[in-house]
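Student: Just data.csv, nothing more (CSV, C-alpha atoms and all ligand atoms):
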```csv
chain,number,residue,atom,x,y,z
A,1,MET,CA,54.7,18.1,85.0
A,2,ASN,CA,52.2,18.4,82.1
A,3,ARG,CA,52.6,16.3,79.1
A,4,ILE,CA,53.6,18.4,76.1
A,5,ASP,CA,52.1,16.7,73.1
A,6,TYR,CA,50.4,19.4,71.2
A,7,LEU,CA,52.3,21.3,68.4
A,8,ARG,CA,50.9,24.4,66.8
A,9,ILE,CA,52.4,24.7,63.4
A,10,SER,CA,52.4,28.1,61.6
A,11,LEU,CA,52.3,27.3,57.8
A,12,VAL,CA,52.9,30.9,56.7
A,13,ASP,CA,53.4,34.2,58.5
A,14,ARG,CA,51.4,36.3,55.9
A,15,CYS,CA,47.8,37.0,56.1
A,16,ASN,CA,45.0,38.4,53.8
A,17,PHE,CA,43.5,40.2,56.8
A,18,ARG,CA,44.9,43.0,59.0
A,19,CYS,CA,43.0,42.4,62.2
A,20,GLN,CA,43.5,45.4,64.5
A,21,TYR,CA,44.5,43.3,67.4
A,22,CYS,CA,46.9,41.0,65.5
A,23,MET,CA,48.7,42.7,62.6
A,24,PRO,CA,47.3,46.2,62.3
A,25,GLU,CA,47.6,48.0,59.0
A,26,GLY,CA,50.8,49.9,58.8
A,27,ALA,CA,52.6,47.6,61.3
A,28,GLU,CA,56.1,46.9,59.9
A,29,LEU,CA,56.5,43.2,59.8
A,30,ASP,CA,59.5,41.4,58.4
A,31,TYR,CA,58.0,38.6,56.4
A,32,VAL,CA,59.8,35.3,56.1
A,33,LEU,CA,61.3,35.0,52.6
A,34,GLN,CA,59.9,32.2,50.4
A,35,GLN,CA,63.1,30.3,50.6
A,36,ASP,CA,63.1,30.4,54.4
A,37,LEU,CA,59.7,28.8,54.7
A,38,LEU,CA,59.8,25.2,55.8
A,39,THR,CA,58.8,23.1,52.8
A,40,ALA,CA,56.1,20.5,53.2
A,41,ASP,CA,58.8,17.8,53.1
A,42,GLU,CA,60.9,19.5,55.8
A,43,LEU,CA,57.8,19.9,58.0
A,44,LEU,CA,56.9,16.3,57.6
A,45,THR,CA,60.5,15.2,58.4
A,46,LEU,CA,60.5,17.3,61.6
A,47,ILE,CA,57.1,15.8,62.6
A,48,ARG,CA,58.2,12.2,61.9
A,49,GLU,CA,61.8,12.4,63.2
A,50,VAL,CA,61.6,14.9,66.0
A,51,PHE,CA,58.2,15.5,67.4
A,52,ILE,CA,56.4,12.2,67.1
A,53,PRO,CA,59.3,10.3,68.8
A,54,LEU,CA,59.1,12.9,71.6
A,55,GLY,CA,55.4,12.1,72.2
A,56,PHE,CA,53.7,14.7,70.1
A,57,THR,CA,50.4,13.4,68.8
A,58,ARG,CA,48.2,16.5,68.3
A,59,PHE,CA,48.8,19.0,65.6
A,60,ARG,CA,47.2,22.3,64.7
A,61,LEU,CA,47.8,24.2,61.5
A,62,THR,CA,47.7,28.0,61.9
A,63,GLY,CA,49.5,31.1,60.8
A,64,GLY,CA,49.3,33.9,59.6
A,65,GLU,CA,46.5,32.5,57.4
A,66,PRO,CA,47.2,28.8,56.8
A,67,LEU,CA,44.9,28.7,53.7
A,68,LEU,CA,47.3,31.0,51.9
A,69,ARG,CA,49.7,28.1,51.7
A,70,PRO,CA,49.2,26.5,48.2
A,71,ASP,CA,50.1,23.1,49.5
A,72,VAL,CA,47.9,23.2,52.6
A,73,THR,CA,45.7,20.2,51.5
A,74,GLU,CA,48.7,18.1,50.8
A,75,ILE,CA,50.2,19.0,54.2
A,76,VAL,CA,46.8,18.1,55.9
A,77,GLY,CA,46.8,14.8,54.0
A,78,ALA,CA,50.3,13.9,55.0
A,79,ILE,CA,49.9,14.6,58.7
A,80,ALA,CA,46.5,13.0,58.9
A,81,ALA,CA,48.0,9.8,57.4
A,82,LEU,CA,50.6,9.4,60.1
A,83,ALA,CA,49.6,6.5,62.4
A,84,GLN,CA,50.6,8.5,65.5
A,85,THR,CA,48.4,11.5,64.7
A,86,GLN,CA,45.6,11.5,67.3
A,87,ASP,CA,44.2,15.0,66.5
A,88,LEU,CA,44.7,17.4,63.6
A,89,SER,CA,43.0,20.7,63.4
A,90,MET,CA,43.2,24.1,61.8
A,91,THR,CA,42.7,27.8,62.8
A,92,THR,CA,41.7,30.0,59.9
A,93,ASN,CA,40.0,33.3,59.1
A,94,ALA,CA,37.8,31.3,56.6
A,95,PHE,CA,38.1,33.8,53.8
A,96,LEU,CA,39.3,31.1,51.4
A,97,LEU,CA,37.5,28.3,53.1
A,98,ALA,CA,34.3,28.0,51.0
A,99,SER,CA,36.2,26.6,48.0
A,100,LYS,CA,38.7,24.5,50.1
A,101,ALA,CA,36.5,23.0,52.8
A,102,ARG,CA,35.6,19.8,50.9
A,103,ASP,CA,39.2,19.0,49.9
A,104,LEU,CA,40.5,19.6,53.4
A,105,TYR,CA,37.9,17.3,54.8
A,106,ALA,CA,38.7,14.6,52.2
A,107,ALA,CA,42.4,15.0,53.0
A,108,GLY,CA,41.6,14.1,56.6
A,109,LEU,CA,41.0,17.4,58.5
A,110,ARG,CA,38.0,16.8,60.8
A,111,ARG,CA,37.8,19.9,63.0
A,112,ILE,CA,38.4,23.5,62.5
A,113,ASN,CA,38.4,26.8,64.4
A,114,ILE,CA,37.4,29.9,62.6
A,115,SER,CA,37.9,33.6,63.6
A,116,LEU,CA,34.6,35.5,63.5
A,117,ASP,CA,34.8,38.7,65.6
A,118,SER,CA,31.5,40.3,64.5
A,119,LEU,CA,28.2,39.5,62.9
A,120,ASP,CA,28.0,43.1,61.6
A,121,PRO,CA,29.8,43.5,58.3
A,122,GLU,CA,30.8,47.1,59.1
A,123,THR,CA,32.3,46.2,62.4
A,124,PHE,CA,34.0,43.2,60.8
A,125,ASP,CA,35.6,45.4,58.2
A,126,LEU,CA,36.8,47.8,60.8
A,127,LEU,CA,38.3,44.9,62.8
A,128,THR,CA,39.9,43.1,59.9
A,129,GLY,CA,41.3,46.3,58.5
A,130,ASN,CA,39.6,45.8,55.2
A,131,ARG,CA,37.1,48.6,55.5
A,132,GLY,CA,35.0,48.8,52.4
A,133,ARG,CA,36.2,45.5,50.9
A,134,GLY,CA,33.2,43.6,52.2
A,135,ARG,CA,34.8,40.4,53.3
A,136,TRP,CA,32.2,39.4,55.9
A,137,GLN,CA,29.9,37.5,53.5
A,138,GLN,CA,32.7,35.4,52.1
A,139,VAL,CA,33.8,34.4,55.6
A,140,TRP,CA,30.3,33.6,56.5
A,141,ASP,CA,30.0,31.4,53.4
A,142,GLY,CA,33.2,29.7,54.4
A,143,ILE,CA,31.7,28.9,57.8
A,144,GLN,CA,28.6,27.5,56.2
A,145,ALA,CA,30.6,25.4,53.8
A,146,ALA,CA,32.6,24.0,56.7
A,147,TYR,CA,29.4,23.2,58.6
A,148,GLU,CA,27.8,21.5,55.6
A,149,VAL,CA,30.9,19.4,54.8
A,150,GLY,CA,30.7,18.1,58.4
A,151,PHE,CA,33.7,19.6,60.4
A,152,ASP,CA,32.9,18.7,64.0
A,153,PRO,CA,33.5,20.4,66.3
A,154,LEU,CA,33.3,23.7,64.5
A,155,LYS,CA,34.5,26.5,66.7
A,156,LEU,CA,34.2,30.2,66.2
A,157,ASN,CA,36.8,32.4,67.8
A,158,VAL,CA,35.9,35.9,69.0
A,159,VAL,CA,38.5,38.3,70.3
A,160,VAL,CA,36.5,40.7,72.5
A,161,ILE,CA,37.6,44.4,72.2
A,162,ALA,CA,35.9,46.9,74.4
A,163,GLY,CA,33.9,49.4,72.5
A,164,VAL,CA,34.3,47.6,69.2
A,165,ASN,CA,32.5,44.2,69.3
A,166,ASP,CA,31.6,43.8,73.0
A,167,ARG,CA,28.0,44.9,72.3
A,168,GLU,CA,27.6,41.7,70.2
A,169,ILE,CA,28.3,39.2,72.9
A,170,LEU,CA,24.7,38.0,73.2
A,171,ASP,CA,24.2,37.8,69.4
A,172,LEU,CA,27.4,35.8,69.0
A,173,ALA,CA,26.5,33.5,71.9
A,174,ALA,CA,23.2,32.9,70.2
A,175,LEU,CA,24.9,31.3,67.3
A,176,SER,CA,25.4,28.2,69.6
A,177,LEU,CA,21.6,27.8,70.2
A,178,ASP,CA,20.3,26.1,67.0
A,179,ARG,CA,23.5,24.7,65.5
A,180,ALA,CA,26.3,22.7,67.0
A,181,TRP,CA,28.6,25.7,66.7
A,182,HIS,CA,31.0,26.3,69.5
A,183,VAL,CA,31.6,30.0,70.1
A,184,ARG,CA,34.7,31.0,72.1
A,185,PHE,CA,35.3,34.4,73.6
A,186,ILE,CA,39.0,35.3,73.9
A,187,GLU,CA,40.5,37.9,76.2
A,188,PHE,CA,42.6,40.3,74.2
A,189,MET,CA,46.3,39.8,74.8
A,190,PRO,CA,49.0,42.4,74.8
A,191,ILE,CA,50.7,40.9,71.7
A,192,GLY,CA,50.2,42.2,68.1
A,193,ASN,CA,48.9,45.7,68.8
A,194,PRO,CA,50.2,47.0,72.2
A,195,ASP,CA,48.9,50.5,71.5
A,196,LEU,CA,45.3,49.2,71.0
A,197,PHE,CA,45.8,47.1,74.1
A,198,GLN,CA,46.8,50.1,76.1
A,199,THR,CA,43.6,52.0,75.2
A,200,ARG,CA,41.1,49.1,75.1
A,201,GLN,CA,42.5,46.7,77.6
A,202,TRP,CA,40.6,43.4,77.9
A,203,ILE,CA,37.2,42.4,79.2
A,204,PRO,CA,37.3,39.6,81.8
A,205,SER,CA,35.5,36.4,80.8
A,206,ALA,CA,33.6,36.3,84.0
A,207,GLN,CA,31.8,39.6,83.0
A,208,LEU,CA,30.8,38.1,79.6
A,209,ARG,CA,29.6,34.9,81.3
A,210,GLN,CA,27.4,37.0,83.7
A,211,GLN,CA,25.9,38.8,80.7
A,212,ILE,CA,25.0,35.5,79.1
A,213,ARG,CA,23.8,33.9,82.3
A,214,ASP,CA,21.5,36.8,82.9
A,215,ARG,CA,19.9,36.3,79.5
A,216,TRP,CA,19.7,32.5,79.2
A,217,GLY,CA,21.4,30.8,82.1
A,218,LEU,CA,24.7,28.9,81.7
A,219,VAL,CA,25.8,25.5,82.7
A,220,GLU,CA,29.2,23.8,82.6
A,221,SER,CA,29.8,21.7,79.5
A,222,ARG,CA,32.5,19.9,77.4
A,223,VAL,CA,33.7,19.9,73.8
A,224,ARG,CA,36.6,18.1,72.1
A,225,GLY,CA,39.7,20.1,72.1
A,226,ASN,CA,43.3,20.6,73.4
A,227,GLY,CA,43.2,24.2,74.2
A,228,PRO,CA,42.7,26.4,77.3
A,229,ALA,CA,39.0,27.2,76.9
A,230,ASP,CA,36.6,26.8,79.9
A,231,VAL,CA,33.5,25.4,78.3
A,232,PHE,CA,29.9,26.2,79.2
A,233,GLN,CA,26.5,25.9,77.5
A,234,ILE,CA,23.2,27.7,77.4
A,235,PRO,CA,20.7,25.2,78.7
A,236,GLY,CA,19.2,23.3,75.7
A,237,ALA,CA,21.6,24.8,73.1
A,238,LYS,CA,23.2,22.5,70.5
A,239,GLY,CA,26.6,24.1,70.7
A,240,THR,CA,28.7,25.4,73.6
A,241,LEU,CA,30.4,28.6,74.7
A,242,GLY,CA,34.1,28.6,75.5
A,243,PHE,CA,36.0,31.3,77.4
A,244,ILE,CA,39.8,31.7,76.8
A,245,SER,CA,40.9,33.8,79.8
A,246,GLN,CA,44.6,34.2,79.5
A,247,MET,CA,44.5,37.6,81.2
A,248,SER,CA,42.1,37.0,84.1
A,249,GLU,CA,42.9,33.4,84.9
A,250,CYS,CA,46.5,32.4,83.9
A,251,PHE,CA,46.2,28.8,82.6
A,252,CYS,CA,49.9,28.2,82.1
A,253,ASP,CA,50.1,25.5,84.7
A,254,ARG,CA,48.1,23.3,82.3
A,255,CYS,CA,50.2,24.2,79.2
A,256,ASN,CA,50.5,21.3,76.9
A,257,ARG,CA,51.9,22.9,73.7
A,258,MET,CA,54.9,24.3,71.8
A,259,ARG,CA,54.8,26.3,68.5
A,260,LEU,CA,56.7,25.8,65.3
A,261,SER,CA,57.0,29.0,63.2
A,262,ALA,CA,56.8,29.0,59.4
A,263,ASP,CA,60.6,29.4,59.2
A,264,GLY,CA,61.2,26.5,61.5
A,265,TRP,CA,61.8,28.1,64.9
A,266,LEU,CA,60.4,26.2,67.8
A,267,ARG,CA,59.1,28.3,70.6
A,268,PRO,CA,58.2,26.9,74.0
A,269,CYS,CA,55.8,29.6,75.1
A,270,LEU,CA,53.5,32.0,73.1
A,271,LEU,CA,54.2,34.9,75.5
A,272,ASN,CA,57.8,34.4,76.3
A,273,GLU,CA,60.7,34.6,73.8
A,274,THR,CA,63.2,32.7,75.8
A,275,GLY,CA,64.6,29.4,74.6
A,276,GLN,CA,63.6,29.3,70.9
A,277,ILE,CA,65.5,26.9,68.7
A,278,ASP,CA,66.1,27.2,65.0
A,279,LEU,CA,65.3,23.7,63.6
A,280,LYS,CA,65.3,24.6,60.0
A,281,THR,CA,69.0,25.5,59.8
A,282,GLY,CA,70.1,22.3,61.4
A,283,LEU,CA,67.8,20.3,59.2
A,284,ARG,CA,69.2,22.0,56.0
A,285,GLN,CA,72.7,21.5,57.2
A,286,GLY,CA,72.1,17.8,57.5
A,287,VAL,CA,72.1,17.5,61.3
A,288,ALA,CA,70.7,14.1,62.2
A,289,GLY,CA,67.1,13.8,63.3
A,290,SER,CA,68.3,12.2,66.6
A,291,GLN,CA,70.4,15.3,67.4
A,292,LEU,CA,67.6,17.7,66.7
A,293,ARG,CA,65.4,15.5,68.9
A,294,ASP,CA,67.9,15.8,71.7
A,295,ARG,CA,67.8,19.6,71.4
A,296,VAL,CA,64.0,19.7,71.5
A,297,GLY,CA,64.0,17.2,74.4
A,298,GLU,CA,66.2,19.6,76.4
A,299,LEU,CA,63.8,22.4,75.6
A,300,LEU,CA,60.9,20.3,76.8
A,301,ALA,CA,62.7,19.7,80.1
A,302,ILE,CA,63.1,23.4,80.8
A,303,LYS,CA,59.7,24.6,79.4
A,304,PRO,CA,58.0,24.8,82.8
A,305,GLU,CA,60.6,27.4,83.8
A,306,ILE,CA,60.0,29.5,80.6
A,307,ASN,CA,56.2,29.5,80.7
A,308,PHE,CA,54.2,32.6,80.9
A,309,LYS,CA,54.9,33.1,84.6
A,310,GLN,CA,58.2,34.7,83.5
A,311,ARG,CA,56.9,36.5,80.5
A,312,ASP,CA,58.2,39.9,81.7
A,313,ASP,CA,61.7,38.5,81.6
A,314,GLY,CA,61.1,36.9,78.2
A,315,THR,CA,60.5,40.0,76.1
A,316,ASP,CA,62.5,43.0,75.1
A,317,ALA,CA,61.1,45.6,77.5
A,318,GLY,CA,57.6,44.2,77.1
A,319,ARG,CA,57.6,44.3,73.3
A,320,TYR,CA,57.6,41.1,71.3
A,321,ARG,CA,60.0,40.6,68.4
A,322,ARG,CA,57.6,38.2,66.8
A,323,THR,CA,53.9,38.8,66.9
A,324,MET,CA,50.9,36.3,66.9
A,325,SER,CA,50.8,35.9,63.1
A,326,GLN,CA,54.5,35.1,63.0
A,327,ILE,CA,54.4,32.7,65.9
A,328,GLY,CA,51.3,30.7,65.1
A,329,GLY,CA,48.9,32.4,67.5
A,401,LIG,N1,48.1,32.5,76.3
A,401,LIG,C1,47.8,31.5,75.4
A,401,LIG,N2,46.8,31.7,74.6
A,401,LIG,C2,46.5,30.7,73.8
A,401,LIG,C3,47.3,29.5,73.6
A,401,LIG,N3,46.8,28.7,72.7
A,401,LIG,C4,45.7,29.3,72.2
A,401,LIG,N4,45.5,30.5,72.9
A,401,LIG,C5,44.5,31.5,72.7
A,401,LIG,O1,43.4,30.8,72.3
A,401,LIG,C6,42.9,31.2,71.0
A,401,LIG,C7,42.3,30.2,70.2
A,401,LIG,O2,43.1,29.2,69.9
A,401,LIG,P1,42.8,28.1,68.8
A,401,LIG,O3,43.8,28.3,67.7
A,401,LIG,O4,41.4,28.2,68.4
A,401,LIG,O5,43.2,26.8,69.4
A,401,LIG,P2,42.8,26.0,70.8
A,401,LIG,O6,41.8,26.8,71.6
A,401,LIG,O7,44.0,25.5,71.4
A,401,LIG,O8,42.0,24.8,70.2
A,401,LIG,P3,41.2,23.5,70.7
A,401,LIG,O9,42.1,22.4,70.5
A,401,LIG,O10,40.1,23.4,69.7
A,401,LIG,O11,40.8,23.7,72.1
A,401,LIG,C8,44.2,31.8,70.4
A,401,LIG,O12,43.9,32.7,69.5
A,401,LIG,C9,44.9,32.4,71.6
A,401,LIG,O13,44.3,33.7,71.9
A,401,LIG,C10,48.5,29.5,74.5
A,401,LIG,O14,49.2,28.5,74.4
A,401,LIG,N5,48.7,30.5,75.3
A,402,LIG,C1,47.0,34.5,64.8
A,402,LIG,S1,45.5,33.8,64.2
A,402,LIG,C2,46.0,32.7,63.0
A,402,LIG,C3,45.0,31.9,62.3
A,402,LIG,C4,44.0,32.6,61.4
A,402,LIG,N1,44.6,33.6,60.7
A,402,LIG,C5,42.8,33.1,62.3
A,402,LIG,O1,42.7,34.3,62.4
A,402,LIG,O2,42.1,32.3,62.8
A,402,LIG,C6,45.0,32.7,65.5
A,402,LIG,C7,44.2,33.2,66.6
A,402,LIG,O3,44.9,34.3,67.3
A,402,LIG,C8,43.9,35.2,67.8
A,402,LIG,N2,44.6,36.4,68.2
A,402,LIG,C9,45.4,37.2,67.4
A,402,LIG,N3,45.9,38.2,68.1
A,402,LIG,C10,45.4,38.1,69.3
A,402,LIG,C11,45.5,38.9,70.5
A,402,LIG,N4,46.3,40.0,70.5
A,402,LIG,N5,44.9,38.5,71.6
A,402,LIG,C12,44.1,37.4,71.6
A,402,LIG,N6,44.0,36.6,70.5
A,402,LIG,C13,44.6,37.0,69.4
A,402,LIG,C14,43.0,35.3,66.6
A,402,LIG,O4,41.8,35.8,67.0
A,402,LIG,C15,42.9,33.9,66.1
A,402,LIG,O5,41.8,33.2,66.8
A,403,LIG,S1,44.0,37.1,63.6
A,403,LIG,FE1,44.4,35.7,61.9
A,403,LIG,S2,43.2,36.7,60.2
A,403,LIG,FE2,43.5,38.3,61.7
A,403,LIG,S3,45.4,39.3,61.1
A,403,LIG,FE3,46.0,37.7,62.6
A,403,LIG,S4,46.6,36.0,61.3
A,403,LIG,FE4,45.3,37.3,60.0
A,404,LIG,S1,51.3,31.7,77.7
A,404,LIG,FE1,52.9,30.2,77.4
A,404,LIG,S2,52.9,28.8,79.1
A,404,LIG,FE2,51.0,29.9,79.1
A,404,LIG,S3,49.5,28.6,78.1
A,404,LIG,FE3,50.4,30.0,76.5
A,404,LIG,S4,52.2,28.9,75.7
A,404,LIG,FE4,51.6,27.9,77.5
```
Would you give me this structure, written as structure tokens?
Tutor:
Amino acid sequence: MNRIDYLRISLVDRCNFRCQYCMPEGAELDYVLQQDLLTADELLTLIREVFIPLGFTRFRLTGGEPLLRPDVTEIVGAIAALAQTQDLSMTTNAFLLASKARDLYAAGLRRINISLDSLDPETFDLLTGNRGRGRWQQVWDGIQAAYEVGFDPLKLNVVVIAGVNDREILDLAALSLDRAWHVRFIEFMPIGNPDLFQTRQWIPSAQLRQQIRDRWGLVESRVRGNGPADVFQIPGAKGTLGFISQMSECFCDRCNRMRLSADGWLRPCLLNETGQIDLKTGLRQGVAGSQLRDRVGELLAIKPEINFKQRDDGTDAGRYRRTMSQIGG
């Protein structure tokens, strides 16, 4: 059985973008009320009293958009300061990163993954649902700021959507040539916008790799990380290319993670709604850390049965009650 030692923590379910594949404009989402968000203290209590004793040592802050959380730097500092923390990272859309990168680094964050689906501002606006609002440049500035501050590895996440940004694969891959930027191509998953998924489907990573191989060649490589990416490199490039192929090559047999939502629900599998536990209510009712730990321990034991293999049993007729931005995608 895999060691489950990686916790993805959603700091907030809201987002300043409306990516078509994740939380499309007009989608009716029930946002968590402010009073239902785990406070920084509650989160730290769960990490110290429940997750660390169960062997969790790797943490990722995500969302929604984690940089919307006003106390994000304090949370980073507190998790980074724990002796047991072996890895702390963040996934962000970088819209607010330029002004926060230095403080986050100073607080102890050392690596960061940034969503960048297009190099073309118009396509970017179309994808992020902010057409006309011109947010590409600010995201690009955030990426540059993170690079200058020294985040390493610095990864760029691209969700590939047929007919929207797939014509940019080579341009995006080329970002890895001269800088140690690690570009990852993600197969579109049927969560977030099932209607778009129906019409666009997903493009297999193998097809993208062939396109890149034909242009530059491609060799196997490595980069620090805990995720499911298969890593390659253009010969001589400073950065790498990762492929996250959840649709074409199920990687659930190496699953090493659980997810904690912003309102304190622990979810054993991204794509299966079975088995979730509400940790916040117990915590607020004064249930002892040891009892919460026992509940999580039981969930860890049955996680292999819940994993993606059974996702068709784990949703309500194929529709998810909570989407990527609410789970901590
Ligand atoms: N199916 C599935 N997809 C995942 C899972 N974790 C991450 N992904 C996909 O991988 C994408 C990128 O994830 P990131 O947030 O950058 O994290 P990561 O790849 O685990 O990060 P590293 O530790 O840097 O390797 C997500 O947006 C998902 O599409 C998972 O547990 N299951
Ligand atoms: C939900 S976002 C949260 C963090 C942050 N807002 C961001 O965009 O990086 C985390 C990751 O999920 C990915 N994602 C969202 N919906 C997806 C989908 N339907 N299929 C594949 N990846 C998806 C995004 O591209 C992003 O890399
Ligand atoms: S992918 Fe990230 S930036 Fe885009 S809508 Fe989802 S949470 Fe927001
Ligand atoms: S789909 Fe579920 S089991 Fe598979 S890798 Fe993701 S979280 Fe793990």
Student: With the cut-off set at 7 Å and counting all atoms listed in the file, tabulate each residue of chain A with an atom at most that distance from an atom of ligand LIG 404 (chain A), showing the nearest atom pair and its distance in Å to one decimal, ordered by chain and increasing number, as CSV.
Tutor:
```
residue,atom,partner,partner_atom,distance
A:Phe251,CA,A:LIG404,S3,5.6
A:Cys252,CA,A:LIG404,FE2,3.6
A:Arg254,CA,A:LIG404,S3,6.9
A:Cys255,CA,A:LIG404,FE4,4.3
A:Asn256,CA,A:LIG404,FE4,6.7
A:Arg257,CA,A:LIG404,FE4,6.3
A:Met258,CA,A:LIG404,S4,6.6
A:Pro268,CA,A:LIG404,S4,6.5
A:Cys269,CA,A:LIG404,S4,3.7
A:Leu270,CA,A:LIG404,S4,4.2
A:Leu271,CA,A:LIG404,S1,4.8
A:Asn272,CA,A:LIG404,FE1,6.5
A:Asn307,CA,A:LIG404,S2,3.7
A:Phe308,CA,A:LIG404,S2,4.4
```
Student: Looking at all atoms listed in the file, which of A:Tyr147, A:Trp202, A:Arg222, A:Asp125 is the one that sits closest to A:Gly163?
Tutor: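 Comparing A:Tyr147, A:Trp202, A:Arg222, A:Asp125 against A:Gly163, the winner is A:Trp202.
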Student: Within 10 Å of A:Ile161, counting all atoms listed in the file, which residues show up once you throw out same-chain ones fewer than 6 positions away? Write them as a ChimeraX atom specification, please.
Tutor: /A:20-21,117,127,167,186-188,196-197,200-203
Student: Mind listing the residues within 9 Å of ligand LIG 402 (chain A), all atoms listed in the file counted, as a JSON list (two decimals) with C-alpha atoms, keeping the file's coordinate frame?
Tutor:
```json
[["chain", "number", "residue", "atom", "x", "y", "z"],
["A", 10, "SER", "CA", 52.40, 28.10, 61.60],
["A", 13, "ASP", "CA", 53.40, 34.20, 58.50],
["A", 14, "ARG", "CA", 51.40, 36.30, 55.90],
["A", 15, "CYS", "CA", 47.80, 37.00, 56.10],
["A", 16, "ASN", "CA", 45.00, 38.40, 53.80],
["A", 17, "PHE", "CA", 43.50, 40.20, 56.80],
["A", 19, "CYS", "CA", 43.00, 42.40, 62.20],
["A", 20, "GLN", "CA", 43.50, 45.40, 64.50],
["A", 21, "TYR", "CA", 44.50, 43.30, 67.40],
["A", 22, "CYS", "CA", 46.90, 41.00, 65.50],
["A", 23, "MET", "CA", 48.70, 42.70, 62.60],
["A", 61, "LEU", "CA", 47.80, 24.20, 61.50],
["A", 62, "THR", "CA", 47.70, 28.00, 61.90],
["A", 63, "GLY", "CA", 49.50, 31.10, 60.80],
["A", 64, "GLY", "CA", 49.30, 33.90, 59.60],
["A", 65, "GLU", "CA", 46.50, 32.50, 57.40],
["A", 66, "PRO", "CA", 47.20, 28.80, 56.80],
["A", 67, "LEU", "CA", 44.90, 28.70, 53.70],
["A", 90, "MET", "CA", 43.20, 24.10, 61.80],
["A", 91, "THR", "CA", 42.70, 27.80, 62.80],
["A", 92, "THR", "CA", 41.70, 30.00, 59.90],
["A", 93, "ASN", "CA", 40.00, 33.30, 59.10],
["A", 94, "ALA", "CA", 37.80, 31.30, 56.60],
["A", 113, "ASN", "CA", 38.40, 26.80, 64.40],
["A", 114, "ILE", "CA", 37.40, 29.90, 62.60],
["A", 115, "SER", "CA", 37.90, 33.60, 63.60],
["A", 116, "LEU", "CA", 34.60, 35.50, 63.50],
["A", 117, "ASP", "CA", 34.80, 38.70, 65.60],
["A", 156, "LEU", "CA", 34.20, 30.20, 66.20],
["A", 157, "ASN", "CA", 36.80, 32.40, 67.80],
["A", 158, "VAL", "CA", 35.90, 35.90, 69.00],
["A", 159, "VAL", "CA", 38.50, 38.30, 70.30],
["A", 160, "VAL", "CA", 36.50, 40.70, 72.50],
["A", 186, "ILE", "CA", 39.00, 35.30, 73.90],
["A", 187, "GLU", "CA", 40.50, 37.90, 76.20],
["A", 188, "PHE", "CA", 42.60, 40.30, 74.20],
["A", 189, "MET", "CA", 46.30, 39.80, 74.80],
["A", 190, "PRO", "CA", 49.00, 42.40, 74.80],
["A", 191, "ILE", "CA", 50.70, 40.90, 71.70],
["A", 192, "GLY", "CA", 50.20, 42.20, 68.10],
["A", 193, "ASN", "CA", 48.90, 45.70, 68.80],
["A", 194, "PRO", "CA", 50.20, 47.00, 72.20],
["A", 197, "PHE", "CA", 45.80, 47.10, 74.10],
["A", 244, "ILE", "CA", 39.80, 31.70, 76.80],
["A", 246, "GLN", "CA", 44.60, 34.20, 79.50],
["A", 323, "THR", "CA", 53.90, 38.80, 66.90],
["A", 324, "MET", "CA", 50.90, 36.30, 66.90],
["A", 325, "SER", "CA", 50.80, 35.90, 63.10],
["A", 326, "GLN", "CA", 54.50, 35.10, 63.00],
["A", 327, "ILE", "CA", 54.40, 32.70, 65.90],
["A", 328, "GLY", "CA", 51.30, 30.70, 65.10],
["A", 329, "GLY", "CA", 48.90, 32.40, 67.50]]
```
Student: Taking into account all atoms listed in the file, which residue in the set A:Ala145, A:Leu68, A:Ile302, A:Leu279 is nearest to A:Asp263?
Tutor: A:Leu279
Student: So, counting only C-alpha atoms, which residue among A:Arg259, A:Phe232, A:Ser245, A:Leu283 is closest to A:Asp41?
Tutor: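 For A:Asp41, the nearest of the given residues is A:Leu283.
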